[in-house]
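A.B. asks: What follows is data.txt, compact mmCIF, C-alpha atoms.
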```txt
# COMPACT_ATOMS: atom_id res chain seq x y z
CA MET A 559 7.12 9.35 30.77
CA LEU A 560 7.39 5.64 31.61
CA ASP A 561 11.16 5.58 31.24
CA LYS A 562 11.48 8.66 33.47
CA LEU A 563 9.59 7.42 36.53
CA ASN A 564 12.85 6.81 38.33
CA TRP A 565 14.57 9.88 36.92
CA ARG A 566 12.04 12.24 38.44
CA TYR A 567 12.03 13.04 42.12
CA ALA A 568 10.84 15.93 44.27
CA VAL A 569 13.93 18.08 43.75
CA LYS A 570 14.89 19.88 46.95
CA LYS A 571 17.48 22.25 45.51
CA MET A 572 17.37 23.85 42.07
CA ASP A 573 20.10 25.75 40.23
CA PRO A 574 19.03 29.42 40.14
CA GLU A 575 21.40 30.06 37.20
CA GLN A 576 19.45 27.76 34.89
CA SER A 577 16.02 28.15 33.31
CA VAL A 578 13.55 25.73 31.83
CA PRO A 579 13.26 26.51 28.09
CA GLU A 580 9.94 28.16 27.20
CA GLU A 581 9.09 25.49 24.62
CA LYS A 582 9.21 22.83 27.34
CA VAL A 583 7.01 24.93 29.63
CA GLU A 584 4.54 25.26 26.75
CA LYS A 585 4.43 21.48 26.38
CA ILE A 586 3.76 21.03 30.09
CA LEU A 587 0.90 23.53 29.81
CA GLU A 588 -0.50 21.60 26.84
CA ALA A 589 -0.50 18.44 28.95
CA ILE A 590 -2.45 20.33 31.63
CA ARG A 591 -4.87 21.66 29.04
CA PHE A 592 -5.48 18.20 27.56
CA ALA A 593 -5.87 16.41 30.90
CA PRO A 594 -9.30 14.84 31.19
CA THR A 595 -11.72 16.22 33.78
CA SER A 596 -15.16 15.20 34.98
CA SER A 597 -17.72 16.01 32.25
CA GLY A 598 -15.02 18.02 30.47
CA VAL A 599 -15.56 20.98 32.79
CA GLN A 600 -11.87 21.82 33.48
CA PRO A 601 -12.80 23.54 36.76
CA PHE A 602 -9.47 25.17 37.46
CA GLU A 603 -6.90 27.69 36.25
CA VAL A 604 -3.13 27.66 36.37
CA PHE A 605 -0.93 30.68 37.07
CA VAL A 606 2.49 30.59 35.44
CA ILE A 607 4.75 32.87 37.43
CA THR A 608 8.27 33.90 36.53
CA ASN A 609 8.18 37.27 38.34
CA PRO A 610 10.89 37.01 41.03
CA GLU A 611 9.27 39.35 43.59
CA LEU A 612 5.94 37.57 43.44
CA ARG A 613 7.62 34.20 43.76
CA ALA A 614 9.55 35.48 46.78
CA ARG A 615 6.29 36.54 48.42
CA ILE A 616 4.67 33.18 47.68
CA GLN A 617 7.77 31.51 49.11
CA GLU A 618 7.15 33.29 52.41
CA THR A 619 3.78 31.53 52.64
CA ALA A 620 5.41 28.18 51.85
CA TYR A 621 7.85 27.75 54.73
CA GLY A 622 10.62 29.29 52.63
CA GLN A 623 10.95 26.31 50.31
CA PRO A 624 13.87 27.34 48.08
CA GLN A 625 12.69 25.74 44.83
CA ILE A 626 10.01 28.44 44.50
CA THR A 627 12.66 31.06 43.73
CA GLU A 628 15.54 28.82 42.58
CA GLY A 629 13.37 27.37 39.81
CA SER A 630 12.60 29.47 36.75
CA HIS A 631 8.81 29.01 36.67
CA LEU A 632 6.21 28.52 39.36
CA LEU A 633 2.87 26.95 38.46
CA VAL A 634 0.00 27.63 40.87
CA PHE A 635 -2.99 25.33 40.41
CA ALA A 636 -6.21 27.01 41.52
CA ALA A 637 -9.55 25.18 41.53
CA TRP A 638 -12.98 26.77 41.20
CA ASP A 639 -14.43 27.69 44.58
CA ASN A 640 -17.82 26.43 43.44
CA TYR A 641 -19.86 25.31 40.44
CA THR A 642 -22.32 27.85 39.09
CA ALA A 643 -24.93 27.82 36.34
CA GLU A 644 -22.85 30.34 34.36
CA ARG A 645 -19.74 28.21 34.55
CA ILE A 646 -21.52 25.04 33.40
CA ASP A 647 -23.38 26.94 30.66
CA ALA A 648 -20.03 28.19 29.35
CA VAL A 649 -18.80 24.59 29.07
CA LEU A 650 -21.89 23.65 27.08
CA ALA A 651 -21.44 26.71 24.86
CA ALA A 652 -17.81 25.74 24.14
CA ASN A 653 -18.91 22.19 23.31
CA GLU A 654 -21.61 23.40 20.95
CA ALA A 655 -19.20 25.86 19.33
CA ALA A 656 -16.81 22.98 18.57
CA ARG A 657 -19.31 20.25 17.71
CA GLY A 658 -22.50 22.01 16.76
CA PRO A 659 -25.74 22.35 18.74
CA SER A 660 -26.84 19.18 20.51
CA GLU A 661 -29.96 18.56 22.55
CA THR A 662 -28.31 15.54 24.14
CA LEU A 663 -25.39 17.62 25.36
CA ALA A 664 -27.68 20.42 26.53
CA ALA A 665 -29.72 17.91 28.53
CA TYR A 666 -26.53 16.37 29.93
CA TYR A 667 -25.23 19.67 31.27
CA GLU A 668 -28.70 20.57 32.55
CA ARG A 669 -28.63 17.36 34.61
CA LEU A 670 -25.12 18.24 35.77
CA LYS A 671 -26.35 21.58 37.08
CA GLY A 672 -29.17 19.76 38.84
CA MET A 673 -26.58 17.61 40.56
CA TYR A 674 -23.87 20.21 41.33
CA LEU A 675 -25.73 23.39 42.17
CA PRO A 676 -27.58 22.14 45.29
CA ARG A 677 -24.32 20.87 46.82
CA THR A 678 -22.33 22.93 49.31
CA GLU A 679 -19.48 25.11 48.13
CA ASP A 680 -17.10 22.85 50.08
CA VAL A 681 -18.21 19.71 48.28
CA ASN A 682 -18.04 21.42 44.90
CA HIS A 683 -14.63 22.94 45.53
CA GLY A 684 -13.40 19.54 46.72
CA HIS A 685 -14.63 18.00 43.48
CA ALA A 686 -13.05 20.75 41.37
CA ALA A 687 -9.78 20.32 43.27
CA ARG A 688 -9.69 16.63 42.40
CA GLN A 689 -9.95 17.51 38.73
CA ALA A 690 -7.07 19.95 39.17
CA TYR A 691 -5.06 17.09 40.68
CA ILE A 692 -5.52 15.01 37.52
CA ALA A 693 -4.03 17.92 35.57
CA PHE A 694 -1.35 18.26 38.24
CA GLY A 695 -0.49 14.59 37.63
CA PHE A 696 -0.35 15.25 33.88
CA ALA A 697 1.99 18.21 34.50
CA LEU A 698 4.29 16.06 36.64
CA ALA A 699 4.32 13.28 34.06
CA ALA A 700 4.93 15.71 31.19
CA ALA A 701 7.75 17.44 33.06
CA ALA A 702 9.41 14.07 33.68
CA GLU A 703 9.07 13.11 30.02
CA LEU A 704 10.81 16.37 29.05
CA GLU A 705 13.43 15.96 31.79
CA VAL A 706 12.23 19.12 33.44
CA ASP A 707 12.64 19.07 37.19
CA SER A 708 9.65 19.85 39.34
CA THR A 709 8.63 19.69 42.97
CA PRO A 710 5.00 19.04 43.83
CA MET A 711 4.04 21.13 46.88
CA GLU A 712 1.06 21.26 49.16
CA GLY A 713 3.01 22.85 52.00
CA PHE A 714 1.89 26.48 51.75
CA GLU A 715 -0.83 28.71 53.16
CA PRO A 716 -3.53 28.68 50.47
CA GLU A 717 -5.40 31.71 51.86
CA LYS A 718 -2.26 33.84 51.60
CA VAL A 719 -1.50 32.67 48.05
CA ASP A 720 -5.15 33.37 47.16
CA GLU A 721 -4.69 36.90 48.46
CA LEU A 722 -1.38 37.48 46.66
CA LEU A 723 -2.92 36.42 43.34
CA GLY A 724 -6.40 37.87 43.92
CA LEU A 725 -7.91 34.42 43.48
CA ARG A 726 -11.05 34.68 45.61
CA GLU A 727 -12.35 37.56 43.48
CA LYS A 728 -11.92 35.25 40.49
CA GLY A 729 -13.84 32.44 42.19
CA LEU A 730 -10.67 30.39 42.64
CA ARG A 731 -8.75 28.79 45.50
CA SER A 732 -5.13 27.68 45.25
CA VAL A 733 -4.60 23.95 45.76
CA THR A 734 -1.02 23.10 44.76
CA LEU A 735 2.27 24.65 43.71
CA LEU A 736 4.67 23.25 41.15
CA PRO A 737 8.06 24.94 40.77
CA LEU A 738 9.82 24.00 37.52
CA GLY A 739 13.57 24.26 37.24
CA VAL A 740 16.87 22.45 36.92
CA ARG A 741 18.18 20.28 39.75
CA ALA A 742 21.31 21.68 41.39
CA ALA A 743 24.45 19.63 40.80
CA GLU A 744 25.01 19.44 44.54
CA GLY A 745 23.50 20.34 47.89
CA ASP A 746 20.23 18.41 47.53
CA TRP A 747 19.98 15.94 50.41
CA LEU A 748 17.42 13.86 48.52
CA GLN A 749 19.40 13.55 45.29
CA GLY A 750 20.68 10.04 44.67
CA MET A 751 18.79 8.57 47.61
CA ALA A 752 16.87 5.35 47.09
CA LYS A 753 13.34 6.03 45.92
CA VAL A 754 10.88 4.69 48.47
CA ARG A 755 7.66 3.24 47.16
CA LYS A 756 5.37 0.56 48.51
CA PRO A 757 5.83 -2.85 46.92
CA SER A 758 3.20 -3.83 44.34
CA GLU A 759 1.70 -6.43 46.69
CA GLU A 760 0.83 -3.71 49.17
CA LEU A 761 -0.65 -1.27 46.66
CA PHE A 762 -2.45 -3.59 44.27
CA THR A 763 -5.01 -6.35 44.68
CA VAL A 764 -5.70 -8.44 41.61
CA ILE A 765 -9.17 -10.00 41.39
CA ALA A 766 -9.29 -12.43 38.48
CA MET B 145 2.62 10.70 26.60
CA LEU B 146 2.96 14.18 25.04
CA ASP B 147 2.43 12.92 21.50
CA LYS B 148 -0.65 10.97 22.60
CA LEU B 149 -2.65 13.80 24.21
CA ASN B 150 -4.89 13.99 21.18
CA TRP B 151 -4.94 10.24 20.60
CA ARG B 152 -6.49 9.55 24.00
CA TYR B 153 -10.13 10.25 24.70
CA ALA B 154 -12.71 8.89 27.11
CA VAL B 155 -13.65 5.86 25.04
CA LYS B 156 -17.38 5.19 25.19
CA LYS B 157 -17.41 1.77 23.53
CA MET B 158 -14.72 -0.87 23.85
CA ASP B 159 -14.27 -4.06 21.86
CA PRO B 160 -15.07 -6.97 24.21
CA GLU B 161 -13.14 -9.37 21.97
CA GLN B 162 -9.83 -7.62 22.63
CA SER B 163 -7.69 -7.49 25.77
CA VAL B 164 -4.97 -5.17 26.96
CA PRO B 165 -1.72 -7.17 27.11
CA GLU B 166 -0.63 -7.90 30.69
CA GLU B 167 2.77 -6.28 30.17
CA LYS B 168 1.07 -2.99 29.36
CA VAL B 169 -1.16 -3.26 32.42
CA GLU B 170 1.98 -3.87 34.50
CA LYS B 171 3.53 -0.67 33.14
CA ILE B 172 0.42 1.32 34.00
CA LEU B 173 0.57 -0.08 37.54
CA GLU B 174 4.23 0.92 37.78
CA ALA B 175 3.28 4.48 36.82
CA ILE B 176 0.69 4.45 39.62
CA ARG B 177 3.23 3.06 42.07
CA PHE B 178 5.81 5.72 41.17
CA ALA B 179 3.40 8.66 41.21
CA PRO B 180 4.43 11.22 43.82
CA THR B 181 2.18 11.73 46.84
CA SER B 182 2.22 14.14 49.76
CA SER B 183 5.09 13.20 52.12
CA GLY B 184 5.45 9.94 50.19
CA VAL B 185 2.52 8.40 52.06
CA GLN B 186 0.74 6.78 49.05
CA PRO B 187 -2.58 6.80 50.91
CA PHE B 188 -4.54 4.60 48.53
CA GLU B 189 -4.81 1.15 46.99
CA VAL B 190 -5.80 0.04 43.52
CA PHE B 191 -7.91 -3.01 42.72
CA VAL B 192 -7.19 -4.61 39.36
CA ILE B 193 -10.28 -6.55 38.35
CA THR B 194 -10.60 -8.89 35.40
CA ASN B 195 -13.31 -11.11 36.95
CA PRO B 196 -16.34 -10.71 34.66
CA GLU B 197 -19.05 -11.29 37.31
CA LEU B 198 -17.56 -8.75 39.69
CA ARG B 199 -17.19 -6.21 36.90
CA ALA B 200 -20.84 -6.79 35.94
CA ARG B 201 -21.91 -6.09 39.52
CA ILE B 202 -19.79 -2.93 39.66
CA GLN B 203 -21.32 -1.90 36.34
CA GLU B 204 -24.76 -2.02 37.94
CA THR B 205 -23.62 0.64 40.41
CA ALA B 206 -22.24 2.77 37.57
CA TYR B 207 -25.33 3.46 35.48
CA GLY B 208 -24.54 0.47 33.27
CA GLN B 209 -21.55 2.10 31.59
CA PRO B 210 -20.51 -0.55 29.04
CA GLN B 211 -16.73 -0.02 29.17
CA ILE B 212 -16.64 -1.66 32.61
CA THR B 213 -17.39 -5.05 31.08
CA GLU B 214 -16.30 -4.44 27.47
CA GLY B 215 -12.79 -3.55 28.60
CA SER B 216 -10.45 -6.28 29.77
CA HIS B 217 -9.34 -4.75 33.09
CA LEU B 218 -11.04 -2.48 35.58
CA LEU B 219 -8.93 -0.41 37.97
CA VAL B 220 -10.68 0.79 41.12
CA PHE B 221 -8.83 3.56 42.95
CA ALA B 222 -9.62 3.52 46.67
CA ALA B 223 -8.25 6.15 49.05
CA TRP B 224 -7.64 5.71 52.77
CA ASP B 225 -10.70 6.62 54.83
CA ASN B 226 -8.44 8.36 57.36
CA TYR B 227 -4.85 8.83 58.47
CA THR B 228 -3.82 6.86 61.55
CA ALA B 229 -0.65 6.67 63.62
CA GLU B 230 -0.12 3.08 62.46
CA ARG B 231 -0.35 4.05 58.81
CA ILE B 232 2.10 6.93 59.14
CA ASP B 233 4.46 4.83 61.25
CA ALA B 234 4.49 2.19 58.51
CA VAL B 235 5.59 4.85 55.98
CA LEU B 236 8.45 5.89 58.26
CA ALA B 237 9.42 2.24 58.75
CA ALA B 238 9.54 1.68 54.97
CA ASN B 239 11.67 4.81 54.55
CA GLU B 240 14.09 3.71 57.24
CA ALA B 241 14.24 0.21 55.77
CA ALA B 242 15.28 1.69 52.40
CA ARG B 243 17.51 4.52 53.57
CA GLY B 244 18.59 3.61 57.08
CA PRO B 245 17.42 5.07 60.40
CA SER B 246 17.07 8.85 60.43
CA GLU B 247 16.13 11.13 63.29
CA THR B 248 15.22 13.85 60.80
CA LEU B 249 12.75 11.58 59.04
CA ALA B 250 11.34 10.29 62.31
CA ALA B 251 10.77 13.87 63.47
CA TYR B 252 9.21 14.75 60.11
CA TYR B 253 6.63 11.98 60.30
CA GLU B 254 5.98 12.74 63.96
CA ARG B 255 5.08 16.30 62.93
CA LEU B 256 2.90 14.89 60.15
CA LYS B 257 0.95 12.84 62.69
CA GLY B 258 0.57 15.97 64.80
CA MET B 259 -0.96 17.68 61.79
CA TYR B 260 -3.12 14.86 60.36
CA LEU B 261 -4.46 12.98 63.37
CA PRO B 262 -6.48 15.84 64.92
CA ARG B 263 -8.27 16.50 61.62
CA THR B 264 -11.68 15.01 60.84
CA GLU B 265 -11.96 11.79 58.89
CA ASP B 266 -13.61 13.74 56.07
CA VAL B 267 -10.70 16.17 55.71
CA ASN B 268 -8.18 13.35 55.83
CA HIS B 269 -10.04 11.20 53.33
CA GLY B 270 -10.35 14.23 51.06
CA HIS B 271 -6.61 14.73 51.25
CA ALA B 272 -5.91 11.05 50.61
CA ALA B 273 -8.29 11.12 47.64
CA ARG B 274 -6.34 13.99 46.07
CA GLN B 275 -3.18 11.91 46.25
CA ALA B 276 -5.04 9.06 44.55
CA TYR B 277 -6.00 11.50 41.81
CA ILE B 278 -2.34 12.26 41.09
CA ALA B 279 -1.81 8.52 40.60
CA PHE B 280 -5.01 8.40 38.55
CA GLY B 281 -3.50 11.11 36.32
CA PHE B 282 -0.30 9.07 36.03
CA ALA B 283 -2.34 5.99 35.06
CA LEU B 284 -4.19 7.95 32.36
CA ALA B 285 -0.95 9.39 31.00
CA ALA B 286 0.79 6.00 31.04
CA ALA B 287 -2.15 4.32 29.30
CA ALA B 288 -2.06 6.98 26.57
CA GLU B 289 1.69 6.55 26.13
CA LEU B 290 1.15 2.80 25.64
CA GLU B 291 -1.87 3.36 23.37
CA VAL B 292 -4.09 1.61 25.85
CA ASP B 293 -7.63 2.94 25.87
CA SER B 294 -9.12 3.99 29.15
CA THR B 295 -12.18 5.82 30.42
CA PRO B 296 -11.90 7.83 33.62
CA MET B 297 -15.13 7.47 35.62
CA GLU B 298 -16.55 9.14 38.67
CA GLY B 299 -20.13 8.21 37.79
CA PHE B 300 -20.77 5.31 40.15
CA GLU B 301 -22.12 4.74 43.64
CA PRO B 302 -19.01 4.59 45.83
CA GLU B 303 -20.79 3.06 48.83
CA LYS B 304 -21.95 0.13 46.71
CA VAL B 305 -18.50 -0.43 45.20
CA ASP B 306 -17.04 -0.23 48.71
CA GLU B 307 -19.44 -2.97 49.75
CA LEU B 308 -18.76 -5.19 46.73
CA LEU B 309 -15.01 -5.03 47.39
CA GLY B 310 -15.17 -5.00 51.20
CA LEU B 311 -13.33 -1.68 51.23
CA ARG B 312 -14.62 -0.14 54.47
CA GLU B 313 -13.25 -3.05 56.51
CA LYS B 314 -9.89 -2.29 54.92
CA GLY B 315 -10.12 1.39 55.81
CA LEU B 316 -10.64 2.37 52.17
CA ARG B 317 -13.23 4.25 50.12
CA SER B 318 -13.51 4.01 46.35
CA VAL B 319 -12.93 7.28 44.51
CA THR B 320 -12.60 6.53 40.78
CA LEU B 321 -12.90 3.75 38.22
CA LEU B 322 -10.67 3.26 35.21
CA PRO B 323 -11.64 0.59 32.69
CA LEU B 324 -8.80 -0.38 30.36
CA GLY B 325 -9.51 -1.86 26.97
CA VAL B 326 -9.43 -1.44 23.23
CA ARG B 327 -11.66 1.11 21.52
CA ALA B 328 -14.36 -0.47 19.35
CA ALA B 329 -13.92 0.12 15.61
CA GLU B 330 -17.43 1.52 15.43
CA GLY B 331 -20.43 2.46 17.54
CA ASP B 332 -18.73 5.02 19.78
CA TRP B 333 -20.54 8.35 19.39
CA LEU B 334 -17.54 10.25 20.75
CA GLN B 335 -14.94 8.69 18.45
CA GLY B 336 -13.60 11.11 15.88
CA MET B 337 -15.39 14.09 17.40
CA ALA B 338 -13.43 17.30 17.90
CA LYS B 339 -11.73 17.38 21.27
CA VAL B 340 -13.10 20.26 23.30
CA ARG B 341 -10.65 22.05 25.57
CA LYS B 342 -10.53 25.60 26.84
CA PRO B 343 -8.11 27.84 24.94
CA SER B 344 -4.80 28.54 26.71
CA GLU B 345 -5.81 32.16 27.36
CA GLU B 346 -8.73 30.99 29.46
CA LEU B 347 -6.83 28.39 31.46
CA PHE B 348 -3.48 30.07 31.99
CA THR B 349 -2.39 33.43 33.35
CA VAL B 350 1.26 34.31 32.88
CA ILE B 351 2.76 36.68 35.44
CA ALA B 352 6.23 37.75 34.32
```
Written as structure tokens, how would this file's structure read?
C.D. replies:
Amino acid sequence: MLDKLNWRYAVKKMDPEQSVPEEKVEKILEAIRFAPTSSGVQPFEVFVITNPELRARIQETAYGQPQITEGSHLLVFAAWDNYTAERIDAVLAANEAARGPSETLAAYYERLKGMYLPRTEDVNHGHAARQAYIAFGFALAAAAELEVDSTPMEGFEPEKVDELLGLREKGLRSVTLLPLGVRAAEGDWLQGMAKVRKPSEELFTVIA
Amino acid sequence: MLDKLNWRYAVKKMDPEQSVPEEKVEKILEAIRFAPTSSGVQPFEVFVITNPELRARIQETAYGQPQITEGSHLLVFAAWDNYTAERIDAVLAANEAARGPSETLAAYYERLKGMYLPRTEDVNHGHAARQAYIAFGFALAAAAELEVDSTPMEGFEPEKVDELLGLREKGLRSVTLLPLGVRAAEGDWLQGMAKVRKPSEELFTVIA
């Protein structure tokens, strides 16, 4: 990814005639799946949408941003609405299935429940969303490495996307969209423009 | 990074005799600097700490996790406590400096102020923190690509780290720690253990 940091940009216009190859999409999903999360809980799901009608309806909730239908795939990142005992117990069960029973792990996740369960749904969803953003970062980095164009989007009405995908019944809330596609050869106002980033001195403080 | 997804893990014990080369740290910082953020605002700063005494004091706020002092560098991600007119205006100014004056951009950031400034500090900090998590994801992916070990950490007392680094006076709040170092050859209980991740069927829903 490091040699693609300048190649990638938030593509504003994608070529609807071109598709991202499935094997590249699979690799992006693997990067999401392997992204680290707090206590290994992976408190989110990702919806991979190619269906054109559904993408058109999601687009209506997202100020008509064209990449949602011009791209070939739309990823919707949805974070858990809350932590529950069942959800944490399932993480422990998966750990024990892979690594064998462990009292240390069982005690660890018991403590985690003690910490998470008394918190408000808002605090817990906020925490889950941050974990989804790590995976979102991994997806963006993986896409760049594969020279797959993508456009990170927060500009949409989450409640409407939740409704379109039936997320609330699944205990999920949409947090970000990521259309994947191929940048259009022309017509993108942002293409070729200087990338604007803060200078290192502004962003970093070294304390030696 | 894609071929390093299995190589990386949250190292529990680092070798205090070894350091991450500065040129690799610089590349990780570049990945952070180039990470995309909502409206290009980059609402965070990163503190790069090698100072052993300061790292020892931060370690005390982080349940004594050894990687903080066994690693060679500690990154502290700190998100803006709030959005302000001055901060958004500075983003517009940087954009115009790089790309020339633009009424469209000026109007865009004016609308952004209209959206952000009426919100509570909590909502705005939460939003800024999510952007920091994208960069945190980029840092983790870049470190893996460079075979630099790292341990993502949320287990620390943010108020105490804020105080140690004087963050509140700077309008910042610490959100994550990332020690960088070299995995110890032995003594890490997690090393060599099976990586536990949810199967694709659990994490992804394809809608074609």
A.B. asks: Check which residues of region 260-340 of chain B sit at most 8 Å from region 592-613 of chain A using all atoms listed in the file, and return one row each with the closest pair of atoms and their distance in Å to one decimal, ordered by chain and rising number, as a tab-separated table.
C.D. replies:
```
residue	atom	partner	partner_atom	distance
B:Gly281	CA	A:Ala593	CA	7.9
B:Pro296	CA	A:Pro594	CA	7.9
B:Met297	CA	A:Ser596	CA	7.8
B:Glu298	CA	A:Ser596	CA	7.2
B:Val340	CA	A:Gly598	CA	7.8
```
A.B. asks: Quick one: distance from CA of Arg177 (chain B) to CA of Asn564 (chain A) in Å, one decimal?
C.D. replies: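 These two atoms are separated by 11.0 Å.
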A.B. asks: For chain A, which residue out of B:Thr213, B:Gln335, B:Gln275, B:Gln162 is the nearest one, using only C-alpha atoms?
C.D. replies: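 When distances to chain A are compared using only C-alpha atoms, the smallest one comes from B:Gln275.
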A.B. asks: To one decimal place, how far is CA of Leu563 (chain A) from CA of Arg274 (chain B) in Å?
C.D. replies: 19.7 Å
A.B. asks: Let me make sure I understand: among A:Pro676, A:Gly724, A:Gly629, A:Gly739, which one has the smallest atom-to-atom distance to Asp707 (chain A) if we use all atoms listed in the file?
C.D. replies: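 Among the listed residues, A:Gly739 lies closest to Asp707 (chain A).
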A.B. asks: Could you please determine the separation between CA of Leu146 (chain B) and CA of Trp565 (chain A) in Å, to one decimal place?
C.D. replies: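 CA of Leu146 (chain B) sits 17.2 Å away from CA of Trp565 (chain A).
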A.B. asks: Which one of B:Lys257, B:Arg327, B:His271, B:Lys304 sits closest to chain A if you count all atoms listed in the file?
C.D. replies: B:His271
A.B. asks: Which residues, written as a list in words, have at least one atom at most 10 Å from region 239-251 of chain B, with all atoms listed in the file counted and residues fewer than 2 positions away on the same chain left out?
C.D. replies: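 Counting only the stated atoms, we get Met751, Ala752, Lys753, Val754, Arg755 and Lys756 of chain A; Gly184, Asp233, Ala234, Val235, Leu236, Ala237, Tyr253, Glu254, Arg255, Leu256 and Lys257 of chain B.
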A.B. asks: Nearest to Ala276 (chain B): which of B:Ile176, B:Leu261, B:Val305, B:Ala288 is it, counting only C-alpha atoms?
C.D. replies: B:Ile176
A.B. asks: Rank B:Asp159, B:Asp225, B:Glu204, B:Glu230 by their smallest atom-to-atom distance to Thr264 (chain B), using only C-alpha atoms, and report the top residue only.
C.D. replies: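 Residue with the minimum atom-to-atom distance to Thr264 (chain B): B:Asp225.
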A.B. asks: Would you please work out which residue, of A:Ile692, A:Leu723, A:Met572, A:Ala687, is nearest to Val706 (chain A) when using only C-alpha atoms?
C.D. replies: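 So, comparing all the options, the nearest one is A:Met572.
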A.B. asks: Quick one: axis-aligned box around all listed atoms of region 324-328 of chain B, 5 Å on every side, centre and edge lengths in Å to one decimal, written as lines of an AutoDock Vina configuration file.
C.D. replies:
```
center_x = -11.6
center_y = -0.4
center_z = 24.9
size_x = 15.6
size_y = 13.0
size_z = 21.0
```
A.B. asks: Compute the distance from (23.6, 17.8, 41.1) to each atom, counting all atoms listed in the file, keep the residues with any atom at most 12 Å away, and return them as a list in words; use the coordinates of the file.
C.D. replies: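 The residues that fall inside the cut-off are Val569, Lys570, Lys571, Met572, Asp573, Asp707, Val740, Arg741, Ala742, Ala743, Glu744, Gly745, Asp746, Trp747, Leu748, Gln749 and Gly750 of chain A.
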A.B. asks: For Phe714 (chain A), work out the shell of residues within 8 Å, counting all atoms listed in the file and skipping chain neighbours fewer than 4 positions away, then give it as number ranges by chain.
C.D. replies: A: 619-621, 719
A.B. asks: Store the residues picked out above in a file with C-alpha atoms, as a JSON list (two decimals), in the coordinates of the input.
C.D. replies:
```
[["chain", "number", "residue", "atom", "x", "y", "z"],
["A", 619, "THR", "CA", 3.78, 31.53, 52.64],
["A", 620, "ALA", "CA", 5.41, 28.18, 51.85],
["A", 621, "TYR", "CA", 7.85, 27.75, 54.73],
["A", 719, "VAL", "CA", -1.50, 32.67, 48.05]]
```
A.B. asks: With all atoms listed in the file as the counted atoms, please give the residues lying no more than 12 Å from Glu715 (chain A), apart from itself and same-chain residues fewer than 6 positions off, as a list in words.
C.D. replies: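 Near Glu715 (chain A), the qualifying residues are Arg615, Ile616, Gln617, Glu618, Thr619, Ala620, Tyr621, Gly622, Glu721, Leu722, Arg731, Ser732, Val733, Thr734 and Leu735 of chain A.
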A.B. asks: Emit a file covering region 697-731 of chain A of the preceding structure with C-alpha atoms, as a tab-separated table (two decimals), in the first residue's frame.
C.D. replies:
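The file below, selection04.tsv, is the result:
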```
chain	number	residue	atom	x	y	z
A	697	ALA	CA	-10.23	-1.87	3.26
A	698	LEU	CA	-9.05	1.48	1.90
A	699	ALA	CA	-5.40	0.46	2.19
A	700	ALA	CA	-6.04	-2.94	0.58
A	701	ALA	CA	-8.00	-1.38	-2.27
A	702	ALA	CA	-5.13	1.03	-2.94
A	703	GLU	CA	-2.60	-1.81	-2.91
A	704	LEU	CA	-4.70	-3.64	-5.53
A	705	GLU	CA	-5.25	-0.45	-7.54
A	706	VAL	CA	-8.96	-0.69	-6.93
A	707	ASP	CA	-10.64	2.69	-6.77
A	708	SER	CA	-12.80	3.47	-3.78
A	709	THR	CA	-14.55	6.44	-2.24
A	710	PRO	CA	-14.95	6.58	1.53
A	711	MET	CA	-18.36	8.08	2.37
A	712	GLU	CA	-20.01	9.27	5.53
A	713	GLY	CA	-22.44	11.51	3.68
A	714	PHE	CA	-25.65	9.45	3.81
A	715	GLU	CA	-28.65	9.03	6.07
A	716	PRO	CA	-27.76	6.06	8.27
A	717	GLU	CA	-31.33	5.49	9.51
A	718	LYS	CA	-32.56	5.10	5.94
A	719	VAL	CA	-29.75	2.72	4.99
A	720	ASP	CA	-30.48	0.75	8.18
A	721	GLU	CA	-34.08	0.45	7.05
A	722	LEU	CA	-33.23	-0.56	3.48
A	723	LEU	CA	-30.95	-3.34	4.74
A	724	GLY	CA	-33.01	-4.33	7.79
A	725	LEU	CA	-30.05	-3.57	10.02
A	726	ARG	CA	-31.76	-2.61	13.28
A	727	GLU	CA	-33.44	-6.02	13.50
A	728	LYS	CA	-29.95	-7.50	13.23
A	729	GLY	CA	-28.61	-5.27	16.01
A	730	LEU	CA	-26.58	-3.22	13.55
A	731	ARG	CA	-26.27	0.43	12.52
```
